[in-house]
file my_file-v1.txt (compact mmCIF, C-alpha atoms)
# COMPACT_ATOMS: atom_id res chain seq x y z
CA MET G 262 0.00 0.00 0.00
CA ARG G 263 2.77 2.45 0.98
CA ILE G 264 4.71 1.67 -2.20
CA SER G 265 1.63 2.28 -4.36
CA LEU G 266 1.05 5.67 -2.68
CA ILE G 267 4.67 6.63 -3.35
CA ALA G 268 4.33 5.49 -6.96
CA ILE G 269 1.15 7.55 -7.38
CA GLY G 270 2.93 10.59 -5.90
CA VAL G 271 5.85 10.18 -8.30
CA LEU G 272 3.47 9.83 -11.26
CA LEU G 273 1.53 12.94 -10.19
CA ALA G 274 4.75 14.94 -9.87
CA ALA G 275 5.94 13.72 -13.26
CA SER G 276 2.59 14.52 -14.87
CA ALA G 277 2.90 18.14 -13.71
CA PHE G 278 5.67 18.55 -16.30
CA ALA G 279 4.11 16.41 -19.06
CA THR G 280 2.47 17.73 -22.20
CA THR G 281 -1.33 17.80 -21.93
CA TYR G 282 -3.64 17.03 -24.85
CA LYS G 283 -7.30 17.94 -25.39
CA TRP G 284 -9.83 16.37 -27.72
CA VAL G 285 -13.59 15.97 -28.13
CA ASP G 286 -14.95 12.48 -28.76
CA ARG G 287 -17.81 11.58 -31.11
CA ASN G 288 -20.32 12.08 -28.25
CA GLY G 289 -19.18 15.67 -27.73
CA VAL G 290 -17.33 14.91 -24.45
CA THR G 291 -14.11 16.87 -23.93
CA HIS G 292 -11.11 14.83 -22.73
CA TYR G 293 -7.70 15.80 -21.34
CA SER G 294 -4.75 13.43 -21.19
CA ASP G 295 -0.99 13.19 -21.24
CA THR G 296 -1.32 10.71 -24.12
CA PRO G 297 -2.25 12.13 -27.54
CA ALA G 298 -5.36 10.85 -29.31
CA PRO G 299 -6.36 11.31 -32.97
CA GLY G 300 -7.34 14.96 -33.49
CA ALA G 301 -5.96 16.07 -30.09
CA THR G 302 -4.45 19.51 -29.61
CA VAL G 303 -1.72 20.49 -27.14
CA VAL G 304 -2.99 22.51 -24.17
CA ASP G 305 -0.71 25.30 -22.93
CA LEU G 306 -0.80 24.96 -19.14
CA GLN G 307 0.64 27.98 -17.42
CA SER G 308 2.11 27.81 -13.94
CA ALA G 309 -0.16 28.68 -11.03
CA GLN G 310 -0.61 32.33 -10.19
CA THR G 311 0.92 33.20 -6.85
CA PHE G 312 0.40 36.02 -4.40
CA GLU G 313 3.07 37.61 -2.29
CA ALA G 314 1.81 40.02 0.31
CA SER G 315 3.73 43.20 0.81
CA THR G 316 5.07 44.02 4.24
CA THR G 317 4.31 47.21 6.10
CA PRO G 318 7.43 49.35 6.58
CA ALA G 319 8.45 49.96 10.18
CA SER G 320 8.11 53.44 11.59
CA THR G 321 11.33 55.47 11.56
CA SER G 322 10.25 57.86 14.30
CA SER G 323 11.43 57.04 17.84
CA THR G 324 9.08 59.49 19.58
CA PRO G 325 5.47 59.81 18.51
CA ALA G 326 4.08 63.26 17.69
CA LYS G 327 1.17 64.60 19.74
CA ASN G 328 -1.49 64.12 17.04
CA SER G 329 0.01 61.09 15.28
CA ALA G 330 -1.98 57.95 14.46
CA PRO G 331 -1.96 55.15 17.03
CA GLU G 332 0.91 52.67 16.88
CA GLN G 333 0.56 49.96 14.23
CA PHE G 334 -0.58 46.62 15.69
CA THR G 335 1.24 43.48 14.56
CA TYR G 336 0.54 39.80 15.02
CA SER G 337 3.37 37.56 16.21
CA LYS G 338 2.00 34.60 14.23
CA ILE G 339 -0.25 34.24 11.19
CA ASP G 340 0.18 30.57 10.31
CA LEU G 341 -1.78 28.78 7.59
CA TRP G 342 -1.29 25.19 8.78
CA LYS G 343 -3.98 23.44 6.73
CA PRO G 344 -3.71 22.58 3.96
CA GLU G 345 -0.11 21.57 4.44
CA ASN G 346 2.35 22.77 1.83
CA GLU G 347 2.49 20.31 -1.11
CA GLU G 348 -0.59 18.40 0.20
CA THR G 349 -2.69 16.49 -2.35
CA PHE G 350 -6.47 16.14 -2.05
CA THR G 351 -8.08 13.29 -3.97
CA ASN G 352 -11.80 13.17 -4.83
CA THR G 353 -12.84 15.64 -2.10
CA GLY G 354 -15.82 17.05 -3.96
CA ASN G 355 -13.88 20.26 -4.75
CA VAL G 356 -13.90 21.37 -1.09
CA VAL G 357 -10.81 22.31 0.94
CA THR G 358 -10.79 23.38 4.59
CA ALA G 359 -8.15 25.95 5.50
CA ARG G 360 -7.03 26.24 9.14
CA LEU G 361 -5.28 29.29 10.56
CA ARG G 362 -3.38 30.12 13.76
CA ILE G 363 -3.20 33.79 14.75
CA GLU G 364 -1.34 35.09 17.82
CA PRO G 365 -2.42 37.11 19.64
CA ASP G 366 -6.11 36.50 18.91
CA LEU G 367 -7.65 38.37 16.01
CA ARG G 368 -8.85 41.82 17.08
CA PRO G 369 -12.59 42.49 16.54
CA SER G 370 -11.83 45.33 14.10
CA HIS G 371 -9.58 43.10 11.94
CA THR G 372 -10.64 40.79 9.11
CA VAL G 373 -9.10 37.64 7.63
CA TRP G 374 -9.21 37.21 3.86
CA MET G 375 -8.23 34.06 1.98
CA TYR G 376 -6.54 34.47 -1.40
CA LEU G 377 -6.77 31.41 -3.65
CA ASP G 378 -4.46 31.58 -6.68
CA GLY G 379 -4.01 35.32 -6.10
CA LYS G 380 -7.75 36.12 -6.02
CA ARG G 381 -9.65 37.02 -2.88
CA VAL G 382 -12.26 34.41 -1.92
CA ASP G 383 -15.48 36.21 -1.04
CA GLY G 384 -18.29 34.71 1.04
CA LEU G 385 -16.08 33.41 3.85
CA PRO G 386 -16.35 34.55 7.48
CA GLY G 387 -13.92 37.37 8.21
CA ALA G 388 -12.89 35.88 11.54
CA GLY G 389 -12.20 32.47 13.01
CA ASP G 390 -9.64 29.77 12.45
CA SER G 391 -11.41 27.52 9.93
CA PHE G 392 -12.44 28.46 6.39
CA THR G 393 -14.20 26.13 3.93
CA LEU G 394 -13.26 26.82 0.31
CA GLN G 395 -15.82 25.61 -2.23
CA ASN G 396 -15.35 24.89 -5.95
CA VAL G 397 -11.61 24.28 -5.81
CA PHE G 398 -11.13 22.30 -8.99
CA ARG G 399 -8.44 19.92 -10.23
CA GLY G 400 -4.94 21.35 -10.46
CA THR G 401 -2.22 23.15 -8.53
CA HIS G 402 -3.33 25.96 -6.21
CA THR G 403 -1.78 28.51 -3.86
CA LEU G 404 -3.43 29.85 -0.72
CA VAL G 405 -2.54 32.84 1.48
CA ALA G 406 -4.36 34.31 4.51
CA VAL G 407 -4.22 38.12 4.80
CA VAL G 408 -5.29 40.14 7.85
CA THR G 409 -6.59 43.68 7.29
CA ASP G 410 -7.67 46.47 9.64
CA GLN G 411 -11.03 48.27 9.58
CA SER G 412 -9.85 50.56 6.75
CA GLY G 413 -8.82 47.57 4.62
CA LYS G 414 -5.10 48.14 5.12
CA GLN G 415 -3.06 44.94 5.25
CA ILE G 416 -1.60 44.23 8.70
CA GLY G 417 0.04 40.89 7.95
CA SER G 418 -0.19 37.65 6.02
CA SER G 419 0.56 33.97 6.28
CA GLN G 420 3.09 32.06 4.24
CA SER G 421 1.93 30.93 0.81
CA VAL G 422 0.84 27.27 0.71
CA THR G 423 0.77 25.20 -2.48
CA PHE G 424 -1.62 22.26 -2.67
CA TYR G 425 -2.96 19.94 -5.35
CA MET G 426 -6.50 18.81 -6.21
CA HIS G 427 -6.59 15.42 -7.90
CA GLN G 428 -9.77 13.97 -9.38
CA ALA G 429 -9.35 10.34 -10.35
CA SER G 430 -10.84 9.30 -13.66
CA ILE G 431 -13.76 6.87 -13.60
CA GLN G 432 -11.71 4.82 -16.07
CA SER G 433 -8.70 4.59 -13.75
CA PRO G 434 -7.47 1.00 -13.30
CA THR G 435 -6.83 1.75 -9.60
CA ARG G 436 -10.38 3.00 -8.98
CA PRO G 437 -12.43 0.59 -6.83
CA ARG G 438 -15.13 -1.13 -8.85
CA PRO G 439 -18.64 -1.67 -7.46
CA THR G 440 -19.37 -5.23 -6.45
CA PRO G 441 -22.20 -6.97 -8.35
CA HIS G 442 -25.28 -7.84 -6.29
call {"tool": "encode", "arguments": {"input": "my_file-v1.txt", "output": "structure tokens"}}
result
Amino acid sequence: MRISLIAIGVLLAASAFATTYKWVDRNGVTHYSDTPAPGATVVDLQSAQTFEASTTPASTSSTPAKNSAPEQFTYSKIDLWKPENEETFTNTGNVVTARLRIEPDLRPSHTVWMYLDGKRVDGLPGAGDSFTLQNVFRGTHTLVAVVTDQSGKQIGSSQSVTFYMHQASIQSPTRPRPTPH
């Protein structure tokens, strides 16, 4: 079992660099494969879009002015620990749960945003430590958590995590077959 999991991992890694072909069969169904078929065209797969959050520059003033803005708050930890970096999800129904550790606790006036492949995911709660991402389809994805203040200014962000969504084909020889009744 362990050897087959390692073999699958190696094949998935190798397929990330393989040429991908697309064709439509006589029933109008579109297919993608790393093996060419008659009439197939090569699909140009671009690398995943990534997001790198900018950091807020530190204040250069050692003594605050009388009417200056309050001191900038910083979090000692913004850690996106689920999904794990390089984790592969197989047949999960296109759902991924992200888990976040923030220290100290998130302030009530601050909001957490998840960025999937560089795009902000709307419809998630702005606070908490667990976020369910829907409609995450097959492929390589990056995820970053960003904390903003009440004005929308970025306070900090997590590390970028890369994960993979794998959807096994119904024609896969390793797919369990239903038992006849």
call {"tool": "residues_around", "arguments": {"input": "my_file-v1.txt", "residues": "Arg368 (chain G)", "least_positions_apart": "6", "cutoff": "12 Å", "atoms": "all atoms listed in the file", "output": "PyMOL selection string"}}
result
chain G and resi 334-336+387-389+408-411+416
call {"tool": "atom_distance", "arguments": {"input": "my_file-v1.txt", "atom1": "CA of Thr423 (chain G)", "atom2": "CA of Ala359 (chain G)"}}
result
12.0 Å
call {"tool": "residues_near_point", "arguments": {"input": "my_file-v1.txt", "point": "(0.2, 13.7, -23.3)", "cutoff": "7 Å", "atoms": "all atoms listed in the file", "output": "number ranges by chain"}}
result
G: 279-282, 294-297
call {"tool": "residues_near_point", "arguments": {"input": "my_file-v1.txt", "point": "(1.9, 20.3, 1.6)", "cutoff": "12 Å", "atoms": "only C-alpha atoms", "output": "ChimeraX atom specification"}}
result
/G:341-350,401-404,421-426
call {"tool": "residues_around", "arguments": {"input": "my_file-v1.txt", "residues": "Val397 (chain G)", "least_positions_apart": "4", "cutoff": "8 Å", "atoms": "all atoms listed in the file", "output": "MDAnalysis selection string"}}
result
chainID G and resid 355:357 426
call {"tool": "closest_residue", "arguments": {"input": "my_file-v1.txt", "among": "G:Met375, G:Ser370, G:Ala301, G:Pro441", "to": "Thr393 (chain G)", "atoms": "all atoms listed in the file"}}
result
G:Met375
call {"tool": "atom_distance", "arguments": {"input": "my_file-v1.txt", "atom1": "CA of Asp286 (chain G)", "atom2": "CA of Gln428 (chain G)"}}
result
20.1 Å
call {"tool": "atom_distance", "arguments": {"input": "my_file-v1.txt", "atom1": "CA of Phe398 (chain G)", "atom2": "CA of Val285 (chain G)"}}
result
20.3 Å
call {"tool": "decode", "arguments": {"input": "my_file-v1.txt", "residues": "region 326-431 of chain G", "atoms": "C-alpha atoms", "output": "PDB file, in the first residue's frame"}}
result
ATOM      1  CA  ALA G 326       4.077  63.263  17.692  1.00  0.00           C
ATOM      2  CA  LYS G 327       1.165  64.602  19.738  1.00  0.00           C
ATOM      3  CA  ASN G 328      -1.488  64.120  17.039  1.00  0.00           C
ATOM      4  CA  SER G 329       0.010  61.092  15.275  1.00  0.00           C
ATOM      5  CA  ALA G 330      -1.975  57.945  14.463  1.00  0.00           C
ATOM      6  CA  PRO G 331      -1.962  55.148  17.034  1.00  0.00           C
ATOM      7  CA  GLU G 332       0.915  52.671  16.884  1.00  0.00           C
ATOM      8  CA  GLN G 333       0.565  49.957  14.229  1.00  0.00           C
ATOM      9  CA  PHE G 334      -0.582  46.623  15.692  1.00  0.00           C
ATOM     10  CA  THR G 335       1.242  43.479  14.558  1.00  0.00           C
ATOM     11  CA  TYR G 336       0.536  39.796  15.024  1.00  0.00           C
ATOM     12  CA  SER G 337       3.371  37.563  16.212  1.00  0.00           C
ATOM     13  CA  LYS G 338       1.996  34.602  14.225  1.00  0.00           C
ATOM     14  CA  ILE G 339      -0.250  34.237  11.186  1.00  0.00           C
ATOM     15  CA  ASP G 340       0.182  30.571  10.310  1.00  0.00           C
ATOM     16  CA  LEU G 341      -1.785  28.780   7.592  1.00  0.00           C
ATOM     17  CA  TRP G 342      -1.289  25.190   8.785  1.00  0.00           C
ATOM     18  CA  LYS G 343      -3.979  23.435   6.734  1.00  0.00           C
ATOM     19  CA  PRO G 344      -3.715  22.579   3.964  1.00  0.00           C
ATOM     20  CA  GLU G 345      -0.115  21.571   4.443  1.00  0.00           C
ATOM     21  CA  ASN G 346       2.348  22.773   1.827  1.00  0.00           C
ATOM     22  CA  GLU G 347       2.487  20.306  -1.107  1.00  0.00           C
ATOM     23  CA  GLU G 348      -0.591  18.403   0.198  1.00  0.00           C
ATOM     24  CA  THR G 349      -2.685  16.488  -2.355  1.00  0.00           C
ATOM     25  CA  PHE G 350      -6.468  16.143  -2.053  1.00  0.00           C
ATOM     26  CA  THR G 351      -8.081  13.294  -3.970  1.00  0.00           C
ATOM     27  CA  ASN G 352     -11.802  13.173  -4.829  1.00  0.00           C
ATOM     28  CA  THR G 353     -12.835  15.641  -2.098  1.00  0.00           C
ATOM     29  CA  GLY G 354     -15.819  17.053  -3.956  1.00  0.00           C
ATOM     30  CA  ASN G 355     -13.876  20.258  -4.754  1.00  0.00           C
ATOM     31  CA  VAL G 356     -13.898  21.365  -1.090  1.00  0.00           C
ATOM     32  CA  VAL G 357     -10.813  22.305   0.944  1.00  0.00           C
ATOM     33  CA  THR G 358     -10.789  23.375   4.591  1.00  0.00           C
ATOM     34  CA  ALA G 359      -8.150  25.946   5.497  1.00  0.00           C
ATOM     35  CA  ARG G 360      -7.028  26.240   9.136  1.00  0.00           C
ATOM     36  CA  LEU G 361      -5.280  29.293  10.557  1.00  0.00           C
ATOM     37  CA  ARG G 362      -3.385  30.125  13.765  1.00  0.00           C
ATOM     38  CA  ILE G 363      -3.201  33.795  14.755  1.00  0.00           C
ATOM     39  CA  GLU G 364      -1.345  35.087  17.818  1.00  0.00           C
ATOM     40  CA  PRO G 365      -2.418  37.110  19.640  1.00  0.00           C
ATOM     41  CA  ASP G 366      -6.114  36.501  18.913  1.00  0.00           C
ATOM     42  CA  LEU G 367      -7.652  38.372  16.005  1.00  0.00           C
ATOM     43  CA  ARG G 368      -8.855  41.818  17.081  1.00  0.00           C
ATOM     44  CA  PRO G 369     -12.586  42.494  16.540  1.00  0.00           C
ATOM     45  CA  SER G 370     -11.835  45.330  14.101  1.00  0.00           C
ATOM     46  CA  HIS G 371      -9.584  43.102  11.942  1.00  0.00           C
ATOM     47  CA  THR G 372     -10.642  40.793   9.108  1.00  0.00           C
ATOM     48  CA  VAL G 373      -9.103  37.636   7.633  1.00  0.00           C
ATOM     49  CA  TRP G 374      -9.209  37.212   3.856  1.00  0.00           C
ATOM     50  CA  MET G 375      -8.225  34.065   1.982  1.00  0.00           C
ATOM     51  CA  TYR G 376      -6.537  34.470  -1.399  1.00  0.00           C
ATOM     52  CA  LEU G 377      -6.772  31.408  -3.650  1.00  0.00           C
ATOM     53  CA  ASP G 378      -4.457  31.583  -6.679  1.00  0.00           C
ATOM     54  CA  GLY G 379      -4.014  35.324  -6.101  1.00  0.00           C
ATOM     55  CA  LYS G 380      -7.746  36.120  -6.025  1.00  0.00           C
ATOM     56  CA  ARG G 381      -9.649  37.023  -2.876  1.00  0.00           C
ATOM     57  CA  VAL G 382     -12.257  34.413  -1.915  1.00  0.00           C
ATOM     58  CA  ASP G 383     -15.482  36.215  -1.036  1.00  0.00           C
ATOM     59  CA  GLY G 384     -18.294  34.710   1.039  1.00  0.00           C
ATOM     60  CA  LEU G 385     -16.077  33.411   3.855  1.00  0.00           C
ATOM     61  CA  PRO G 386     -16.350  34.546   7.477  1.00  0.00           C
ATOM     62  CA  GLY G 387     -13.921  37.372   8.209  1.00  0.00           C
ATOM     63  CA  ALA G 388     -12.894  35.878  11.536  1.00  0.00           C
ATOM     64  CA  GLY G 389     -12.199  32.469  13.010  1.00  0.00           C
ATOM     65  CA  ASP G 390      -9.635  29.772  12.448  1.00  0.00           C
ATOM     66  CA  SER G 391     -11.406  27.525   9.932  1.00  0.00           C
ATOM     67  CA  PHE G 392     -12.443  28.462   6.391  1.00  0.00           C
ATOM     68  CA  THR G 393     -14.202  26.129   3.928  1.00  0.00           C
ATOM     69  CA  LEU G 394     -13.255  26.818   0.311  1.00  0.00           C
ATOM     70  CA  GLN G 395     -15.823  25.611  -2.230  1.00  0.00           C
ATOM     71  CA  ASN G 396     -15.352  24.891  -5.953  1.00  0.00           C
ATOM     72  CA  VAL G 397     -11.607  24.279  -5.814  1.00  0.00           C
ATOM     73  CA  PHE G 398     -11.135  22.300  -8.989  1.00  0.00           C
ATOM     74  CA  ARG G 399      -8.443  19.922 -10.232  1.00  0.00           C
ATOM     75  CA  GLY G 400      -4.938  21.345 -10.458  1.00  0.00           C
ATOM     76  CA  THR G 401      -2.224  23.154  -8.531  1.00  0.00           C
ATOM     77  CA  HIS G 402      -3.335  25.959  -6.214  1.00  0.00           C
ATOM     78  CA  THR G 403      -1.780  28.510  -3.861  1.00  0.00           C
ATOM     79  CA  LEU G 404      -3.429  29.853  -0.720  1.00  0.00           C
ATOM     80  CA  VAL G 405      -2.545  32.838   1.483  1.00  0.00           C
ATOM     81  CA  ALA G 406      -4.358  34.309   4.506  1.00  0.00           C
ATOM     82  CA  VAL G 407      -4.219  38.117   4.801  1.00  0.00           C
ATOM     83  CA  VAL G 408      -5.287  40.144   7.854  1.00  0.00           C
ATOM     84  CA  THR G 409      -6.591  43.679   7.291  1.00  0.00           C
ATOM     85  CA  ASP G 410      -7.669  46.467   9.641  1.00  0.00           C
ATOM     86  CA  GLN G 411     -11.029  48.272   9.580  1.00  0.00           C
ATOM     87  CA  SER G 412      -9.850  50.560   6.753  1.00  0.00           C
ATOM     88  CA  GLY G 413      -8.820  47.568   4.616  1.00  0.00           C
ATOM     89  CA  LYS G 414      -5.099  48.140   5.121  1.00  0.00           C
ATOM     90  CA  GLN G 415      -3.064  44.937   5.254  1.00  0.00           C
ATOM     91  CA  ILE G 416      -1.600  44.226   8.696  1.00  0.00           C
ATOM     92  CA  GLY G 417       0.041  40.888   7.949  1.00  0.00           C
ATOM     93  CA  SER G 418      -0.194  37.649   6.019  1.00  0.00           C
ATOM     94  CA  SER G 419       0.560  33.970   6.279  1.00  0.00           C
ATOM     95  CA  GLN G 420       3.087  32.056   4.245  1.00  0.00           C
ATOM     96  CA  SER G 421       1.932  30.931   0.810  1.00  0.00           C
ATOM     97  CA  VAL G 422       0.844  27.273   0.711  1.00  0.00           C
ATOM     98  CA  THR G 423       0.774  25.199  -2.477  1.00  0.00           C
ATOM     99  CA  PHE G 424      -1.622  22.259  -2.670  1.00  0.00           C
ATOM    100  CA  TYR G 425      -2.962  19.939  -5.352  1.00  0.00           C
ATOM    101  CA  MET G 426      -6.498  18.814  -6.209  1.00  0.00           C
ATOM    102  CA  HIS G 427      -6.591  15.418  -7.898  1.00  0.00           C
ATOM    103  CA  GLN G 428      -9.769  13.972  -9.379  1.00  0.00           C
ATOM    104  CA  ALA G 429      -9.349  10.339 -10.352  1.00  0.00           C
ATOM    105  CA  SER G 430     -10.837   9.300 -13.659  1.00  0.00           C
ATOM    106  CA  ILE G 431     -13.761   6.872 -13.603  1.00  0.00           C
TER     107      ILE G 431
END
